[in-house]
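*Asks:* Mind looking over this structure? Questions follow.
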Amino acid sequence: MIKNTLIALAAAAGCLAVQAREFRSADVHNSDDYPTVAAVKHMSQLLEQRSGGKYRIKVFNKSALGSEKETLDQVKIGALEMNRVNISALNSMCPKTLVPTMPFLFDSIAHMRKTLDGPVGDEILKGCEHEGLVGLAFYDSGARSIYAKKPVRTVADTKGMKIRVQQSDLWVALVGAMGANATPMPAGEVYTALKTGLIDAAENNIPSYEGFKHYEAVKFYSHTEHSMAPEVLVISKVIFDKMSKADQDLFRQTAKDSVAFQRQKWDEQEAKALDIVVKAGSTIVKDVDKASFKAVMQPVYDKFITTPDLKRLVKAVQDGK
């Protein structure tokens with residue numbers, strides 16, 4: 001009798017184990033400890049604890065499941081459950097994601113975080129649902145600045161420079177407004193392009209400047225801080241809609257709870273990366289005349305912030321300083 005009971009309990013436990021759902025989440029970053037990779041792993045721990053083992057997440061980073069565009073296409077049809085992408089990858093599909101991508105929108109990292117944690121951030125996260133993507137959380141990607149073989153202190157210093165940008169119309173327009181020649185190319189080609197002089201400069205955050213070894217090619221990192229475009233964690237709407245309301249709320253909450261963890265990891269990584277590049281001989285140029293850059297950005301806003309809805313959101317961000 002006891003033996004039969006134990007067998008039944010073991011079988012039941014086996015059934016529960018089979019029912020545990022493992023969601024796959026894509027990320028392009030190479031480091032297993034990169035802040036966004038670590039944050040989704042942290043979310044998985046919270047999810048597994050709070051669901052009683054019903055759900056967990058496995059992160060596939062290093063572009064193991066494809067590029068951001070390829071994995072987004074998979075998420076939209078439900079072939080992949082989750083994805084962490086830079087918000088720029090969503091701009092063409094979801095107009096509201098253009099707002100936090102705009103140049104000089106945020107006055108500081110604190111302003112950016114406050115905005116994205118509030119109702120404006122929630123509205124933007126919901127803005128991709130018509131494309132089959134449910135936004136769960138924003139993660140930090142720091143402030144993007146220009147690095148080159150010479151200091152950049154005013155917008156006049158960028159005139160005629162060939163600056164690598166992401167393969168995005170908005171980024172081409174942003175750098176073009178500075179009087180520079182925007183040169184779109186994949187991140188993996190930038191190091192050689194800087195080394196050979198194919199481009200004069202690039203723009204990114206400090207951890208990317210360090211992580212891609214770009215500091216070996218160009219030694220001046222100028223704090224233009226022209227964009228604080230965040231990262232976004234999304235889940236497939238096809239899959240999300242099949243969940244109970246309680247499970248949906250659980251995914252939303254554990255994602256939100258992973259944000260503080262990601263920000264702490266991000267701040268630590270920024271400090272570490274800054275120390276590495278300075279010790280390697282890079283100069284951090286802080287006396288940048290940001291007003292000169294802001295003054296030439298209106299055409300970018302005129303081109304991309306074209307609807308009353310987008311203008312309302314931009315004003316809400318600016319009013320919420």
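If you're wondering about the labels, chains in the structure tokens are A, B, ... by order shown, residues count from 1 in each chain, ligands from 1 in order shown.
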So which residues touch Val75 of chain A within 9 Å, counting only C-alpha atoms, skipping near sequence neighbours fewer than 5 positions away, as a PyMOL selection string?
*Replies:* chain A and resi 70+80-83+132-133+234-238
*Asks:* Excluding Val259 of chain A and residues on its chain fewer than 5 positions from it, collect all residues at most 10 Å away from it, counting only C-alpha atoms, and give them as a PyMOL selection string.
*Replies:* chain A and resi 35-36+39-40+42-43+117+137-140+254+264-265
*Asks:* List as an NGL selection string the protein and nucleic acid residues near segment 178-183 of chain A, meaning an atom at most 7 Å away when only C-alpha atoms are counted, but skip any in the same chain fewer than 4 places from it.
*Replies:* :A and (155 or 158-165 or 172 or 174 or 293 or 296)
*Asks:* If we count only C-alpha atoms, what is near Thr154 of chain A at a cut-off of 9 Å, once residues fewer than 3 positions away on the same chain are taken out, given as number ranges by chain?
*Replies:* A: 157-158, 224, 288-293
*Asks:* Looking only at helix (DSSP H, G or I) from DSSP on the backbone, list the matching residues of segment 49-256 of chain A as a PyMOL selection string.
*Replies:* chain A and resi 49-50+68-76+87-90+95-101+109-116+119-131+155-158+169-177+187-196+206-211+214-216+237-240+245-256
*Asks:* Store the residues of this selection in a file with C-alpha atoms, as a PDB file, in the first residue's frame.
*Replies:*
ATOM      1  CA  GLN A  49       9.563  30.897  -7.051  1.00  0.00           C
ATOM      2  CA  ARG A  50       6.258  32.742  -7.335  1.00  0.00           C
ATOM      3  CA  GLU A  68      17.180  41.212 -33.143  1.00  0.00           C
ATOM      4  CA  LYS A  69      15.084  41.510 -36.305  1.00  0.00           C
ATOM      5  CA  GLU A  70      14.989  37.739 -36.835  1.00  0.00           C
ATOM      6  CA  THR A  71      14.030  36.993 -33.243  1.00  0.00           C
ATOM      7  CA  LEU A  72      11.366  39.715 -33.204  1.00  0.00           C
ATOM      8  CA  ASP A  73       9.788  38.079 -36.248  1.00  0.00           C
ATOM      9  CA  GLN A  74       9.725  34.765 -34.357  1.00  0.00           C
ATOM     10  CA  VAL A  75       8.157  36.350 -31.257  1.00  0.00           C
ATOM     11  CA  LYS A  76       5.421  38.035 -33.301  1.00  0.00           C
ATOM     12  CA  ILE A  87      14.073  50.035 -28.528  1.00  0.00           C
ATOM     13  CA  SER A  88      15.345  51.244 -31.922  1.00  0.00           C
ATOM     14  CA  ALA A  89      14.502  47.796 -33.343  1.00  0.00           C
ATOM     15  CA  LEU A  90      10.821  48.536 -32.619  1.00  0.00           C
ATOM     16  CA  PRO A  95       5.481  54.579 -33.447  1.00  0.00           C
ATOM     17  CA  LYS A  96       5.245  55.275 -29.700  1.00  0.00           C
ATOM     18  CA  THR A  97       8.663  53.647 -29.190  1.00  0.00           C
ATOM     19  CA  LEU A  98      10.146  56.567 -31.127  1.00  0.00           C
ATOM     20  CA  VAL A  99       9.532  58.857 -28.146  1.00  0.00           C
ATOM     21  CA  PRO A 100      12.226  57.605 -25.694  1.00  0.00           C
ATOM     22  CA  THR A 101      14.602  57.207 -28.649  1.00  0.00           C
ATOM     23  CA  ILE A 109      19.447  59.150 -16.226  1.00  0.00           C
ATOM     24  CA  ALA A 110      17.217  59.874 -13.210  1.00  0.00           C
ATOM     25  CA  HIS A 111      14.703  61.678 -15.461  1.00  0.00           C
ATOM     26  CA  MET A 112      14.748  58.780 -17.925  1.00  0.00           C
ATOM     27  CA  ARG A 113      14.163  56.195 -15.205  1.00  0.00           C
ATOM     28  CA  LYS A 114      11.348  58.188 -13.588  1.00  0.00           C
ATOM     29  CA  THR A 115       9.610  58.576 -16.964  1.00  0.00           C
ATOM     30  CA  LEU A 116       9.868  54.932 -17.979  1.00  0.00           C
ATOM     31  CA  PRO A 119       2.361  56.099 -16.945  1.00  0.00           C
ATOM     32  CA  VAL A 120       4.225  57.330 -20.050  1.00  0.00           C
ATOM     33  CA  GLY A 121       6.454  54.252 -19.923  1.00  0.00           C
ATOM     34  CA  ASP A 122       3.454  51.952 -19.469  1.00  0.00           C
ATOM     35  CA  GLU A 123       1.708  53.507 -22.476  1.00  0.00           C
ATOM     36  CA  ILE A 124       4.793  53.030 -24.653  1.00  0.00           C
ATOM     37  CA  LEU A 125       5.139  49.394 -23.546  1.00  0.00           C
ATOM     38  CA  LYS A 126       1.547  48.759 -24.658  1.00  0.00           C
ATOM     39  CA  GLY A 127       2.196  50.381 -28.025  1.00  0.00           C
ATOM     40  CA  CYS A 128       3.438  47.214 -29.759  1.00  0.00           C
ATOM     41  CA  GLU A 129       0.533  44.915 -28.952  1.00  0.00           C
ATOM     42  CA  HIS A 130      -0.988  45.441 -32.399  1.00  0.00           C
ATOM     43  CA  GLU A 131       2.270  43.960 -33.763  1.00  0.00           C
ATOM     44  CA  VAL A 155      28.257  70.462 -32.753  1.00  0.00           C
ATOM     45  CA  ALA A 156      30.714  72.269 -35.053  1.00  0.00           C
ATOM     46  CA  ASP A 157      33.297  69.590 -34.242  1.00  0.00           C
ATOM     47  CA  THR A 158      31.148  66.905 -35.882  1.00  0.00           C
ATOM     48  CA  ASP A 169      16.355  56.061 -40.258  1.00  0.00           C
ATOM     49  CA  LEU A 170      16.107  57.968 -36.993  1.00  0.00           C
ATOM     50  CA  TRP A 171      19.791  57.538 -36.200  1.00  0.00           C
ATOM     51  CA  VAL A 172      20.768  58.592 -39.713  1.00  0.00           C
ATOM     52  CA  ALA A 173      18.660  61.741 -39.290  1.00  0.00           C
ATOM     53  CA  LEU A 174      20.047  62.428 -35.811  1.00  0.00           C
ATOM     54  CA  VAL A 175      23.695  62.360 -36.887  1.00  0.00           C
ATOM     55  CA  GLY A 176      22.864  64.155 -40.139  1.00  0.00           C
ATOM     56  CA  ALA A 177      21.375  67.026 -38.122  1.00  0.00           C
ATOM     57  CA  ALA A 187      28.128  46.644 -34.643  1.00  0.00           C
ATOM     58  CA  GLY A 188      30.525  43.837 -35.528  1.00  0.00           C
ATOM     59  CA  GLU A 189      32.119  45.883 -38.335  1.00  0.00           C
ATOM     60  CA  VAL A 190      32.804  49.052 -36.347  1.00  0.00           C
ATOM     61  CA  TYR A 191      36.161  48.113 -34.816  1.00  0.00           C
ATOM     62  CA  THR A 192      37.808  47.500 -38.201  1.00  0.00           C
ATOM     63  CA  ALA A 193      36.133  50.579 -39.701  1.00  0.00           C
ATOM     64  CA  LEU A 194      37.555  52.769 -36.927  1.00  0.00           C
ATOM     65  CA  LYS A 195      40.986  51.157 -37.180  1.00  0.00           C
ATOM     66  CA  THR A 196      41.233  51.601 -40.951  1.00  0.00           C
ATOM     67  CA  ILE A 206      30.671  53.385 -22.231  1.00  0.00           C
ATOM     68  CA  PRO A 207      30.198  49.612 -21.732  1.00  0.00           C
ATOM     69  CA  SER A 208      29.912  49.125 -25.513  1.00  0.00           C
ATOM     70  CA  TYR A 209      32.937  51.401 -26.165  1.00  0.00           C
ATOM     71  CA  GLU A 210      34.862  49.134 -23.794  1.00  0.00           C
ATOM     72  CA  GLY A 211      33.204  45.794 -24.609  1.00  0.00           C
ATOM     73  CA  HIS A 214      36.672  50.452 -29.683  1.00  0.00           C
ATOM     74  CA  TYR A 215      38.865  52.314 -27.183  1.00  0.00           C
ATOM     75  CA  GLU A 216      41.832  50.601 -28.847  1.00  0.00           C
ATOM     76  CA  LYS A 237       1.120  38.252 -27.592  1.00  0.00           C
ATOM     77  CA  VAL A 238       0.097  34.907 -29.149  1.00  0.00           C
ATOM     78  CA  ILE A 239       1.469  33.135 -26.081  1.00  0.00           C
ATOM     79  CA  PHE A 240       0.541  35.820 -23.542  1.00  0.00           C
ATOM     80  CA  LYS A 245      -5.062  36.829 -16.005  1.00  0.00           C
ATOM     81  CA  ALA A 246      -3.211  35.770 -12.839  1.00  0.00           C
ATOM     82  CA  ASP A 247      -0.293  34.377 -14.861  1.00  0.00           C
ATOM     83  CA  GLN A 248      -0.193  37.472 -17.071  1.00  0.00           C
ATOM     84  CA  ASP A 249      -0.003  39.644 -13.960  1.00  0.00           C
ATOM     85  CA  LEU A 250       2.765  37.411 -12.609  1.00  0.00           C
ATOM     86  CA  PHE A 251       4.865  37.863 -15.770  1.00  0.00           C
ATOM     87  CA  ARG A 252       4.323  41.631 -15.743  1.00  0.00           C
ATOM     88  CA  GLN A 253       5.239  41.946 -12.072  1.00  0.00           C
ATOM     89  CA  THR A 254       8.351  39.752 -12.147  1.00  0.00           C
ATOM     90  CA  ALA A 255       9.572  41.676 -15.224  1.00  0.00           C
ATOM     91  CA  LYS A 256       9.038  44.987 -13.411  1.00  0.00           C
TER      92      LYS A 256
END
*Asks:* Please determine, counting only C-alpha atoms, which residue among A:Val85, A:Val37, A:Ala79, A:Val317 has the shortest atom-to-atom distance to Pro230 of chain A.
*Replies:*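 Ranked by minimum distance to Pro230 of chain A, first place goes to A:Val85.
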*Asks:* Give me, as a list in words, the residues of segment 158-298 of chain A that a backbone DSSP run labels strand (DSSP E).
*Replies:*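 DSSP-assigned strand (DSSP E) residues in segment 158-298 of chain A: Lys162, Ile163, Arg164, Val165, Asn181, Ala182, Thr183, Pro184, Ala201, Ala202, Glu203, Asn204, Phe220, Tyr221, Ser222, His223, Thr224, Glu225, His226, Ser227, Glu231, Val232, Leu233, Val234, Ile235, Ser236, Thr283, Ile284 and Val285 of chain A.
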*Asks:* Residues within 7 Å of Arg144 of chain A, please, as a ChimeraX atom specification. Count only C-alpha atoms; anything in the same chain fewer than 3 positions from it doesn't count.
*Replies:* /A:203-205,225-228
*Asks:* Which one is closest to Phe304 of chain A: A:Asn91, A:Ser31, A:Asn86, A:Ser51? Count only C-alpha atoms.
*Replies:*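 That would be A:Asn91, the residue with the smallest distance to Phe304 of chain A.
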*Asks:* May I ask for the distance between atom CA of Ser44 of chain A and atom CA of Arg56 of chain A, given in Å to one decimal place?
*Replies:*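 Going from atom CA of Ser44 of chain A over to atom CA of Arg56 of chain A covers 5.0 Å.
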*Asks:* Which residues come within 8 Å of Ala20 of chain A, counting only C-alpha atoms, excluding same-chain residues fewer than 4 positions away, as a PyMOL selection string?
*Replies:* chain A and resi 16+53-56
*Asks:* Can I get the selected residues back with C-alpha atoms, as a PDB file, in the first residue's frame?
*Replies:*
ATOM      1  CA  LEU A  16       4.091  18.442 -12.485  1.00  0.00           C
ATOM      2  CA  GLY A  53       7.760  25.954 -10.433  1.00  0.00           C
ATOM      3  CA  LYS A  54       5.120  26.389 -13.141  1.00  0.00           C
ATOM      4  CA  TYR A  55       7.236  28.786 -15.243  1.00  0.00           C
ATOM      5  CA  ARG A  56      10.892  29.505 -15.858  1.00  0.00           C
TER       6      ARG A  56
END
*Asks:* Quick one: of A:Phe104, A:Phe60, A:Tyr221, A:Tyr34, who's nearest to Leu274 of chain A, counting only C-alpha atoms?
*Replies:*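 Checking each candidate against Leu274 of chain A, we get A:Tyr221 as the closest.
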*Asks:* Smallest atom-to-atom distance to Glu22 of chain A: which of A:Gln318, A:Ile57, A:Gln166, A:Lys41, using only C-alpha atoms?
*Replies:* A:Ile57
*Asks:* To one decimal place in Å, what is the distance between atom CA of Phe106 of chain A and atom CA of His29 of chain A?
*Replies:*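 Computed distance, atom CA of Phe106 of chain A to atom CA of His29 of chain A, equals 25.0 Å.
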*Asks:* Quick check, in Å to one decimal: how far apart do atom CA of Asn61 of chain A and atom CA of Leu47 of chain A lie?
*Replies:*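 Pair atom CA of Asn61 of chain A / atom CA of Leu47 of chain A returns 19.3 Å.
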*Asks:* Which is closer to Phe220 of chain A than all the others in A:Lys242, A:Lys279, A:Arg24, A:Lys149, using only C-alpha atoms?
*Replies:*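 With only C-alpha atoms as the atom set, the closest residue is A:Lys149.
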